[in-house]
Structures are given as structure tokens and as C-alpha cells.
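S.K.: Provided herewith: start_14.cif, mmCIF, C-alpha atoms.
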```
data_protein
loop_
_atom_site.group_PDB
_atom_site.id
_atom_site.type_symbol
_atom_site.label_atom_id
_atom_site.label_comp_id
_atom_site.auth_asym_id
_atom_site.auth_seq_id
_atom_site.Cartn_x
_atom_site.Cartn_y
_atom_site.Cartn_z
ATOM 1 C CA MET B 1 -62.893 25.583 -8.419
ATOM 2 C CA SER B 2 -62.604 21.983 -7.263
ATOM 3 C CA ALA B 3 -65.173 19.448 -8.453
ATOM 4 C CA THR B 4 -65.123 17.858 -5.032
ATOM 5 C CA GLY B 5 -65.517 21.005 -2.938
ATOM 6 C CA ASP B 6 -67.997 21.089 -0.069
ATOM 7 C CA THR B 7 -69.469 24.520 -0.676
ATOM 8 C CA PRO B 8 -72.730 25.040 -2.611
ATOM 9 C CA THR B 9 -70.812 27.007 -5.248
ATOM 10 C CA ALA B 10 -68.364 24.201 -6.040
ATOM 11 C CA VAL B 11 -68.332 23.326 -9.736
ATOM 12 C CA ARG B 12 -69.734 19.851 -10.356
ATOM 13 C CA PRO B 13 -69.839 18.619 -13.958
ATOM 14 C CA LEU B 14 -72.917 16.972 -15.464
ATOM 15 C CA ILE B 15 -71.852 13.553 -16.738
ATOM 16 C CA GLY B 16 -74.153 11.439 -18.924
ATOM 17 C CA VAL B 17 -74.278 7.694 -18.230
ATOM 18 C CA THR B 18 -75.773 5.159 -20.651
ATOM 19 C CA GLY B 19 -77.846 2.104 -19.738
ATOM 20 C CA ARG B 20 -80.003 -0.625 -21.222
ATOM 21 C CA ARG B 21 -83.688 -1.404 -21.755
ATOM 22 C CA ILE B 22 -85.393 -4.559 -20.455
ATOM 23 C CA ARG B 23 -88.907 -5.947 -20.194
ATOM 24 C CA LEU B 24 -90.518 -5.652 -16.774
ATOM 25 C CA ASP B 25 -91.201 -9.386 -16.578
ATOM 26 C CA LEU B 26 -87.437 -9.914 -16.184
ATOM 27 C CA ILE B 27 -87.587 -8.155 -12.845
ATOM 28 C CA LYS B 28 -88.271 -10.504 -9.942
ATOM 29 C CA GLY B 29 -91.532 -9.642 -8.246
ATOM 30 C CA ALA B 30 -92.754 -7.309 -11.008
ATOM 31 C CA ASP B 31 -96.500 -7.289 -11.652
ATOM 32 C CA ARG B 32 -97.197 -9.657 -14.566
ATOM 33 C CA ARG B 33 -99.792 -7.263 -15.949
ATOM 34 C CA TYR B 34 -96.928 -5.036 -17.037
ATOM 35 C CA GLY B 35 -94.690 -7.768 -18.415
ATOM 36 C CA GLU B 36 -94.712 -6.391 -21.960
ATOM 37 C CA ARG B 37 -93.768 -2.919 -20.768
ATOM 38 C CA CYS B 38 -90.128 -1.898 -20.523
ATOM 39 C CA ALA B 39 -87.869 -0.293 -17.971
ATOM 40 C CA ASP B 40 -84.597 1.515 -18.474
ATOM 41 C CA SER B 41 -81.882 -0.067 -16.339
ATOM 42 C CA TYR B 42 -78.651 1.537 -15.133
ATOM 43 C CA MET B 43 -75.855 0.015 -13.079
ATOM 44 C CA SER B 44 -75.866 2.230 -9.994
ATOM 45 C CA ASP B 45 -72.145 1.705 -9.390
ATOM 46 C CA TYR B 46 -71.316 4.162 -12.182
ATOM 47 C CA ALA B 47 -73.400 6.905 -10.595
ATOM 48 C CA ILE B 48 -72.015 6.125 -7.142
ATOM 49 C CA ARG B 49 -68.395 6.350 -8.294
ATOM 50 C CA ILE B 50 -68.998 9.488 -10.394
ATOM 51 C CA ALA B 51 -70.730 11.235 -7.501
ATOM 52 C CA ARG B 52 -67.971 10.144 -5.115
ATOM 53 C CA ALA B 53 -65.427 11.748 -7.449
ATOM 54 C CA GLY B 54 -67.390 14.997 -7.502
ATOM 55 C CA GLY B 55 -69.509 14.678 -10.646
ATOM 56 C CA LEU B 56 -73.269 14.882 -11.193
ATOM 57 C CA PRO B 57 -74.345 11.664 -12.950
ATOM 58 C CA VAL B 58 -77.402 11.766 -15.209
ATOM 59 C CA HIS B 59 -78.905 8.684 -16.850
ATOM 60 C CA LEU B 60 -79.542 8.856 -20.585
ATOM 61 C CA ALA B 61 -82.502 7.117 -22.235
ATOM 62 C CA TYR B 62 -82.311 5.905 -25.842
ATOM 63 C CA GLU B 63 -84.695 8.721 -26.806
ATOM 64 C CA THR B 64 -82.265 11.390 -25.612
ATOM 65 C CA ASP B 65 -81.121 13.351 -28.656
ATOM 66 C CA PRO B 66 -77.302 12.994 -28.680
ATOM 67 C CA GLU B 67 -76.607 16.358 -30.307
ATOM 68 C CA ALA B 68 -79.005 18.207 -28.019
ATOM 69 C CA VAL B 69 -77.878 16.585 -24.770
ATOM 70 C CA CYS B 70 -74.200 17.165 -25.593
ATOM 71 C CA HIS B 71 -75.004 20.875 -25.465
ATOM 72 C CA TRP B 72 -75.484 20.398 -21.703
ATOM 73 C CA LEU B 73 -73.121 17.564 -20.755
ATOM 74 C CA ALA B 74 -69.565 18.096 -19.544
ATOM 75 C CA GLY B 75 -68.660 14.409 -19.849
ATOM 76 C CA VAL B 76 -69.958 11.050 -21.063
ATOM 77 C CA VAL B 77 -69.567 7.519 -19.681
ATOM 78 C CA VAL B 78 -70.527 4.735 -22.105
ATOM 79 C CA THR B 79 -71.166 1.684 -19.973
ATOM 80 C CA GLY B 80 -70.748 -2.070 -20.260
ATOM 81 C CA GLY B 81 -73.370 -4.594 -21.274
ATOM 82 C CA GLN B 82 -74.339 -6.932 -24.069
ATOM 83 C CA ASP B 83 -72.451 -7.470 -27.338
ATOM 84 C CA LEU B 84 -72.614 -5.005 -30.203
ATOM 85 C CA HIS B 85 -74.581 -6.259 -33.193
ATOM 86 C CA PRO B 86 -72.110 -7.271 -35.959
ATOM 87 C CA ALA B 87 -74.021 -5.112 -38.445
ATOM 88 C CA SER B 88 -72.555 -2.065 -36.687
ATOM 89 C CA TRP B 89 -69.057 -2.877 -37.955
ATOM 90 C CA GLY B 90 -69.657 -5.324 -40.828
ATOM 91 C CA GLY B 91 -69.099 -8.482 -38.799
ATOM 92 C CA ASP B 92 -70.504 -11.998 -39.132
ATOM 93 C CA PRO B 93 -74.340 -11.893 -38.902
ATOM 94 C CA SER B 94 -74.552 -15.630 -38.152
ATOM 95 C CA VAL B 95 -73.722 -14.967 -34.487
ATOM 96 C CA VAL B 96 -76.963 -13.052 -33.975
ATOM 97 C CA ARG B 97 -79.701 -14.730 -31.934
ATOM 98 C CA ASP B 98 -83.266 -14.078 -33.035
ATOM 99 C CA VAL B 99 -84.458 -12.933 -29.625
ATOM 100 C CA ASP B 100 -86.161 -9.754 -28.440
ATOM 101 C CA PRO B 101 -83.341 -7.818 -26.710
ATOM 102 C CA ARG B 102 -85.841 -6.455 -24.215
ATOM 103 C CA ALA B 103 -86.654 -10.022 -23.139
ATOM 104 C CA ASP B 104 -83.055 -11.200 -22.813
ATOM 105 C CA PRO B 105 -80.607 -8.561 -21.580
ATOM 106 C CA MET B 106 -77.595 -10.442 -22.953
ATOM 107 C CA VAL B 107 -78.508 -10.455 -26.650
ATOM 108 C CA HIS B 108 -77.874 -7.715 -29.175
ATOM 109 C CA ASP B 109 -79.854 -4.482 -28.871
ATOM 110 C CA ILE B 110 -79.678 -2.508 -32.116
ATOM 111 C CA GLU B 111 -81.473 0.483 -30.595
ATOM 112 C CA ARG B 112 -78.865 0.727 -27.872
ATOM 113 C CA ASP B 113 -76.098 0.372 -30.436
ATOM 114 C CA LYS B 114 -77.516 3.212 -32.548
ATOM 115 C CA PHE B 115 -77.957 5.520 -29.581
ATOM 116 C CA GLU B 116 -74.519 4.963 -28.073
ATOM 117 C CA LEU B 117 -72.713 5.210 -31.412
ATOM 118 C CA ALA B 118 -74.462 8.517 -32.118
ATOM 119 C CA LEU B 119 -73.757 9.758 -28.571
ATOM 120 C CA VAL B 120 -70.041 8.989 -28.846
ATOM 121 C CA ARG B 121 -69.796 10.733 -32.210
ATOM 122 C CA ALA B 122 -71.637 13.792 -30.906
ATOM 123 C CA ALA B 123 -69.392 13.946 -27.823
ATOM 124 C CA LEU B 124 -66.247 13.640 -29.923
ATOM 125 C CA ASP B 125 -67.462 16.378 -32.293
ATOM 126 C CA ARG B 126 -67.915 18.724 -29.330
ATOM 127 C CA GLY B 127 -64.671 17.760 -27.602
ATOM 128 C CA ILE B 128 -66.542 16.363 -24.594
ATOM 129 C CA PRO B 129 -64.511 13.976 -22.413
ATOM 130 C CA VAL B 130 -65.467 10.327 -22.880
ATOM 131 C CA LEU B 131 -64.830 7.321 -20.647
ATOM 132 C CA ALA B 132 -65.840 4.148 -22.493
ATOM 133 C CA VAL B 133 -66.125 1.007 -20.352
ATOM 134 C CA CYS B 134 -65.954 -2.608 -21.629
ATOM 135 C CA ARG B 135 -68.742 -2.702 -24.257
ATOM 136 C CA GLY B 136 -68.363 1.079 -24.250
ATOM 137 C CA MET B 137 -64.756 0.786 -25.452
ATOM 138 C CA GLN B 138 -65.976 -1.364 -28.302
ATOM 139 C CA VAL B 139 -68.678 1.227 -29.103
ATOM 140 C CA LEU B 140 -65.995 3.929 -29.167
ATOM 141 C CA ASN B 141 -63.897 1.870 -31.564
ATOM 142 C CA VAL B 142 -66.805 1.120 -33.914
ATOM 143 C CA ALA B 143 -67.959 4.764 -33.801
ATOM 144 C CA LEU B 144 -64.588 5.688 -35.309
ATOM 145 C CA GLY B 145 -64.748 3.011 -38.005
ATOM 146 C CA GLY B 146 -62.977 0.176 -36.209
ATOM 147 C CA THR B 147 -63.858 -3.513 -36.076
ATOM 148 C CA LEU B 148 -64.271 -6.108 -33.338
ATOM 149 C CA ILE B 149 -63.287 -9.680 -32.605
ATOM 150 C CA ASP B 150 -66.697 -11.230 -32.083
ATOM 151 C CA ASP B 151 -65.639 -14.078 -29.790
ATOM 152 C CA LEU B 152 -62.223 -14.369 -28.190
ATOM 153 C CA PRO B 153 -60.837 -17.926 -28.268
ATOM 154 C CA PRO B 154 -59.690 -19.394 -24.930
ATOM 155 C CA GLY B 155 -56.110 -18.465 -24.142
ATOM 156 C CA GLN B 156 -53.528 -17.881 -21.471
ATOM 157 C CA VAL B 157 -55.496 -15.004 -19.941
ATOM 158 C CA ARG B 158 -59.056 -15.322 -18.628
ATOM 159 C CA HIS B 159 -61.141 -12.514 -20.112
ATOM 160 C CA LEU B 160 -64.556 -13.912 -19.204
ATOM 161 C CA SER B 161 -63.931 -14.268 -15.500
ATOM 162 C CA GLN B 162 -66.181 -16.300 -13.225
ATOM 163 C CA GLU B 163 -65.312 -14.004 -10.349
ATOM 164 C CA ALA B 164 -68.238 -12.012 -8.992
ATOM 165 C CA ALA B 165 -68.216 -8.211 -8.747
ATOM 166 C CA LEU B 166 -66.746 -6.434 -6.872
ATOM 167 C CA THR B 167 -63.202 -7.530 -7.621
ATOM 168 C CA ASP B 168 -59.857 -5.979 -8.431
ATOM 169 C CA GLY B 169 -59.147 -8.886 -10.767
ATOM 170 C CA THR B 170 -56.902 -11.917 -10.676
ATOM 171 C CA ASP B 171 -53.138 -12.222 -11.062
ATOM 172 C CA ASP B 172 -53.456 -13.668 -14.567
ATOM 173 C CA HIS B 173 -55.136 -10.497 -15.836
ATOM 174 C CA ILE B 174 -52.317 -7.946 -15.873
ATOM 175 C CA VAL B 175 -52.615 -5.004 -18.257
ATOM 176 C CA THR B 176 -49.398 -3.359 -19.440
ATOM 177 C CA PHE B 177 -49.653 0.305 -20.441
ATOM 178 C CA GLU B 178 -47.789 2.382 -23.024
ATOM 179 C CA ALA B 179 -45.438 4.996 -21.574
ATOM 180 C CA GLY B 180 -46.812 8.540 -21.827
ATOM 181 C CA SER B 181 -50.440 7.397 -22.123
ATOM 182 C CA ILE B 182 -53.358 8.568 -19.988
ATOM 183 C CA VAL B 183 -53.609 5.148 -18.331
ATOM 184 C CA ALA B 184 -49.874 5.020 -17.593
ATOM 185 C CA GLY B 185 -50.267 8.378 -15.880
ATOM 186 C CA LEU B 186 -53.124 6.980 -13.794
ATOM 187 C CA PHE B 187 -51.788 3.499 -12.992
ATOM 188 C CA GLY B 188 -48.085 3.375 -13.793
ATOM 189 C CA ALA B 189 -46.581 0.745 -16.093
ATOM 190 C CA ARG B 190 -49.153 -1.984 -15.361
ATOM 191 C CA ALA B 191 -52.205 -2.919 -13.324
ATOM 192 C CA VAL B 192 -54.256 -5.962 -12.375
ATOM 193 C CA THR B 193 -57.844 -5.469 -13.514
ATOM 194 C CA ASN B 194 -61.117 -7.380 -13.553
ATOM 195 C CA SER B 195 -62.485 -8.767 -16.818
ATOM 196 C CA TRP B 196 -65.918 -9.792 -18.144
ATOM 197 C CA HIS B 197 -65.891 -9.796 -21.946
ATOM 198 C CA HIS B 198 -65.549 -12.017 -24.994
ATOM 199 C CA GLN B 199 -65.773 -9.373 -27.726
ATOM 200 C CA ALA B 200 -62.655 -7.245 -28.161
ATOM 201 C CA VAL B 201 -61.145 -4.511 -30.302
ATOM 202 C CA ASP B 202 -59.709 -5.827 -33.570
ATOM 203 C CA ARG B 203 -58.761 -3.043 -35.996
ATOM 204 C CA CYS B 204 -58.656 0.359 -34.321
ATOM 205 C CA GLY B 205 -60.922 3.142 -35.534
ATOM 206 C CA THR B 206 -59.550 6.344 -37.035
ATOM 207 C CA GLY B 207 -57.157 8.075 -34.644
ATOM 208 C CA LEU B 208 -57.439 5.564 -31.810
ATOM 209 C CA LEU B 209 -54.244 4.166 -30.326
ATOM 210 C CA VAL B 210 -53.901 1.025 -28.231
ATOM 211 C CA THR B 211 -52.352 1.988 -24.895
ATOM 212 C CA GLY B 212 -52.949 -1.164 -22.862
ATOM 213 C CA ARG B 213 -52.811 -4.923 -23.531
ATOM 214 C CA THR B 214 -52.768 -8.180 -21.620
ATOM 215 C CA ALA B 215 -49.972 -10.717 -22.221
ATOM 216 C CA ASP B 216 -52.005 -12.472 -24.927
ATOM 217 C CA GLY B 217 -52.214 -9.261 -26.955
ATOM 218 C CA VAL B 218 -55.878 -8.479 -26.257
ATOM 219 C CA VAL B 219 -56.571 -4.744 -26.313
ATOM 220 C CA GLU B 220 -57.442 -3.444 -22.834
ATOM 221 C CA ALA B 221 -57.130 0.337 -23.248
ATOM 222 C CA VAL B 222 -57.421 2.785 -26.136
ATOM 223 C CA GLU B 223 -57.001 6.549 -26.353
ATOM 224 C CA LEU B 224 -57.468 9.365 -28.840
ATOM 225 C CA PRO B 225 -54.222 11.363 -28.691
ATOM 226 C CA GLY B 226 -54.744 15.021 -27.946
ATOM 227 C CA ALA B 227 -58.308 14.491 -26.723
ATOM 228 C CA PRO B 228 -59.837 13.548 -23.337
ATOM 229 C CA VAL B 229 -60.998 10.179 -24.632
ATOM 230 C CA LEU B 230 -60.245 6.897 -22.873
ATOM 231 C CA GLY B 231 -61.574 3.388 -23.403
ATOM 232 C CA VAL B 232 -60.915 0.602 -20.893
ATOM 233 C CA GLN B 233 -61.918 -3.033 -21.284
ATOM 234 C CA TRP B 234 -62.266 -3.680 -17.554
ATOM 235 C CA HIS B 235 -65.023 -2.401 -15.245
ATOM 236 C CA PRO B 236 -63.723 0.496 -13.107
ATOM 237 C CA GLU B 237 -67.115 0.804 -11.403
ATOM 238 C CA TRP B 238 -66.691 -2.772 -10.123
ATOM 239 C CA MET B 239 -63.087 -2.543 -9.008
ATOM 240 C CA GLU B 240 -63.027 -3.093 -5.248
ATOM 241 C CA SER B 241 -60.562 -0.234 -4.914
ATOM 242 C CA ASP B 242 -61.507 3.178 -6.303
ATOM 243 C CA ASP B 243 -60.381 3.121 -9.931
ATOM 244 C CA PRO B 244 -58.634 6.360 -10.996
ATOM 245 C CA THR B 245 -60.405 6.408 -14.368
ATOM 246 C CA MET B 246 -63.623 7.470 -12.590
ATOM 247 C CA THR B 247 -61.829 10.423 -11.019
ATOM 248 C CA TRP B 248 -60.205 11.140 -14.395
ATOM 249 C CA ILE B 249 -63.539 11.568 -16.219
ATOM 250 C CA VAL B 250 -64.782 13.973 -13.538
ATOM 251 C CA GLU B 251 -61.566 16.025 -13.555
ATOM 252 C CA GLU B 252 -61.521 16.211 -17.355
ATOM 253 C CA SER B 253 -65.202 17.195 -17.367
ATOM 254 C CA VAL B 254 -64.548 20.042 -14.920
ATOM 255 C CA LYS B 255 -62.206 21.538 -17.527
ATOM 256 C CA ARG B 256 -65.200 21.878 -19.868
ATOM 257 C CA LEU B 257 -67.058 24.178 -17.436
#
```
For this file, produce the structure as C-alpha cells.

M.R.:
Amino acid sequence: MSATGDTPTAVRPLIGVTGRRIRLDLIKGADRRYGERCADSYMSDYAIRIARAGGLPVHLAYETDPEAVCHWLAGVVVTGGQDLHPASWGGDPSVVRDVDPRADPMVHDIERDKFELALVRAALDRGIPVLAVCRGMQVLNVALGGTLIDDLPPGQVRHLSQEAALTDGTDDHIVTFEAGSIVAGLFGARAVTNSWHHQAVDRCGTGLLVTGRTADGVVEAVELPGAPVLGVQWHPEWMESDDPTMTWIVEESVKRL
């Protein structure tokens, strides 16, 4: 039965979406009495696009047990956000800022790293479809034993764009896809995408294949052959046009039902 059907009996897959944790005093207008308390924050665009494609998005807190929740989920979206801590892949610890991650949403958050790495591994163990976005693609790579480039040097392609969301990207950010890959099936041979990152995949984790790159060689898409697992370095939830990867995760999740 179609995931996007209009009848009450239409099958709609439950898709877990990750987020971040911030202190309430970062929120404009929040009562200062609660400044030391925290709130879980989720980019609503993921939920909007998943629901539009026929899925049922559910937000996952850090305290959600990955093994237990994967018993119920039909799909997982690991979202973008701050850098992974270099300790997660054996990188250079000197890049770490000694700041409370709950007080600055752009610094490393080890608790988020631990949760998302465990969630990805649990999903892979169960054969649950995974769409890993930007930071999420890097989490996927590290979860499988890969490494990251901690800070991309400036080059011919702008990866840390100053363009505001929503955007379909700029002409200098063209991703070329490998023939026969999931992304080639979704986009064709190439696509213009948006870009907001300075970490990137270095050595691929076990089983992962690079299926998309920009002209400067930066990895923009990875896949796990034979499995419904896709990592993309751009932000499909912030593409001005509907990005087919969001429909892909819903359609692959339906197959799990």
C-alpha cells in the first residue's frame, strides 16, 4: 500500500529524526530563571519533508535507547549540525574548544556523538534504512570505522556557503555521481546542491563507497552497497526544490513494514 495514500489505512512508516540539545538561555525571549535548563532542538524542515513524502517523523532524544527504538522504527534520518568530536575517530584533539556544548550549539557535543553513533550502528544491524545528512554522513562514516578531514582548506569549490537556506545551491557546487548508485538513480549523472560544512569524509568506513564528489574531490555522497543506506553532504531539507532523497528514505522505509 502506498506511503502517500489518503485513506486511514495507508501504510506510513515511522522515521526517527535526530536533533541537538541547547541551554534555554540561547533562546531569544526565554525566561532567565530557566537559563541553566536545556531544550531538545530539531530542525522542523526534516519533519515537514518526511511528512510531505508520506512518512511519520518522530524526534529522538539522546536518552532514547538505540536498540529499543530500532525495534519500532522503519527508517532513520541522522541530521546536520555541529562538528563531531575528534575523539570519535582518533583525530586531532587540539581543535576542541573548552566550551559547554549546551551553551554554544556550534561546538562539539560528545553526548550527541555517542547517541548518533550508537543509533546508526543499531539501525545498520537491523537493516533499517538510513539517510545521513551533512554531519549525519560523517557520523555514518565514523560509525563504520572511517575518519574525517577536520577542516577543509579553501579551494575551487565553496563548501561553507554564505548563502542562506533555503537554496538549491550555486553553480560552483556541482556533485558528480557514480553510475549505478542510489544517487545517480535519483538525480542522474550530476546535480547542483547546497553546502554548509567544513568537516568531510576522509577514509571511508568498512563497506562504504563514495558515490558522489565535487570537482575538488570532496566526498558528497556515500552508500553501503546492497543496503538502503545513503549519506549526503548537502542539506536536502533545505533544498528549495523537493529533494528526492527525502522521498527515497520514506519509500525504503515502507519496504520494512

S.K.: Could you please determine the separation between atom CA of His159 of chain B and atom CA of Ala123 of chain B in Å, to one decimal place?

M.R.: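 So the two atoms, atom CA of His159 of chain B and atom CA of Ala123 of chain B, lie 28.8 Å apart.
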
S.K.: Once the PyMOL selection byres ((chain B and resi 49-51) around 12) has been evaluated on this model, what residues remain selected, and can you format them as a VMD selection string?

M.R.: chain B and resid 3 to 5 12 to 17 43 to 48 52 to 59 75 to 77 131 235 to 251 253

S.K.: I'd like the neighbourhood of segment 169-183 of chain B as a ChimeraX atom specification, where a residue qualifies if any of its atoms comes within 8 Å (using all atoms listed in the file), though same-chain residues fewer than 2 positions away should be ignored.

M.R.: /B:157-159,167,185-195,211-215,220-221,223,230,239,245

S.K.: For this file, the PyMOL selection byres ((chain B and resi 200) around 12) selects which residues, as a VMD selection string?

M.R.: chain B and resid 83 to 84 133 to 142 146 to 153 159 to 160 195 to 199 201 to 204 213 to 214 217 to 222 231 to 234

S.K.: With distances taken over all atoms listed in the file, which of B:Glu67, B:Glu252, B:Asp40, B:Asp216 is nearest to Val120 of chain B?

M.R.: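 Of B:Glu67, B:Glu252, B:Asp40, B:Asp216, the one nearest Val120 of chain B is B:Glu67, counting all atoms listed in the file.
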
S.K.: Excluding Glu116 of chain B and its own-chain neighbours fewer than 4 positions away, which residues fall within 10 Å of it when counting only C-alpha atoms? Please give them as a PyMOL selection string.

M.R.: chain B and resi 18-19+60+62+66+78-79+110-112+120-122+136+139-140+143

S.K.: Keeping only C-alpha atoms, take the residues you just selected and write them out as a short mmCIF file (atom, residue, chain, number, x, y, z; two decimals), keeping the file's coordinate frame.

M.R.:
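That gives us result31.cif:
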```cif
data_model
loop_
_atom_site.label_atom_id
_atom_site.label_comp_id
_atom_site.auth_asym_id
_atom_site.auth_seq_id
_atom_site.Cartn_x
_atom_site.Cartn_y
_atom_site.Cartn_z
CA THR B 18 -75.77 5.16 -20.65
CA GLY B 19 -77.85 2.10 -19.74
CA LEU B 60 -79.54 8.86 -20.58
CA TYR B 62 -82.31 5.90 -25.84
CA PRO B 66 -77.30 12.99 -28.68
CA VAL B 78 -70.53 4.74 -22.10
CA THR B 79 -71.17 1.68 -19.97
CA ILE B 110 -79.68 -2.51 -32.12
CA GLU B 111 -81.47 0.48 -30.60
CA ARG B 112 -78.86 0.73 -27.87
CA VAL B 120 -70.04 8.99 -28.85
CA ARG B 121 -69.80 10.73 -32.21
CA ALA B 122 -71.64 13.79 -30.91
CA GLY B 136 -68.36 1.08 -24.25
CA VAL B 139 -68.68 1.23 -29.10
CA LEU B 140 -66.00 3.93 -29.17
CA ALA B 143 -67.96 4.76 -33.80
#
```

S.K.: Report, in Å to a single decimal, how far apart atom CA of Cys70 of chain B and atom CA of Tyr42 of chain B are.

M.R.: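 Computed distance, atom CA of Tyr42 of chain B to atom CA of Cys70 of chain B, equals 19.3 Å.
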
S.K.: Could you check the closest approach to Arg126 of chain B for each of B:Leu144, B:Ala227, B:Ala61, B:Ala164 and tell me which residue wins, using all atoms listed in the file?

M.R.: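 The shortest atom-to-atom distance to Arg126 of chain B comes from B:Ala227.
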
S.K.: Provide the atom CA of Ala118 of chain B to atom CA of Gly145 of chain B distance in Å, to one decimal place.

M.R.: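 A separation of 12.6 Å between them.
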
S.K.: Within 12 Å of Ser94 of chain B, counting all atoms listed in the file, which residues qualify if same-chain residues fewer than 6 places away don't, as a PDB file with C-alpha atoms, in the frame of the given file?

M.R.:
```pdb
ATOM      1  CA  HIS B  85     -74.581  -6.259 -33.193  1.00  0.00           C
ATOM      2  CA  PRO B  86     -72.110  -7.271 -35.959  1.00  0.00           C
ATOM      3  CA  ALA B  87     -74.021  -5.112 -38.445  1.00  0.00           C
ATOM      4  CA  ASP B 150     -66.697 -11.230 -32.083  1.00  0.00           C
TER       5      ASP B 150
END
```

S.K.: Point out the residue among B:Ala10, B:Leu119, B:Val130, B:Leu24 with the least atom-to-atom distance to Ala74 of chain B, counting only C-alpha atoms.

M.R.: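 Looking only at the distances to Ala74 of chain B, the closest residue turns out to be B:Val130.
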
S.K.: Return as lines of an AutoDock Vina configuration file the box centre and box size in Å, one decimal, for an axis-aligned box around all listed atoms of segment 228-240 of chain B padded by 6 Å per side.

M.R.:
```
center_x = -63.5
center_y = 4.9
center_z = -14.9
size_x = 19.3
size_y = 29.2
size_z = 31.4
```
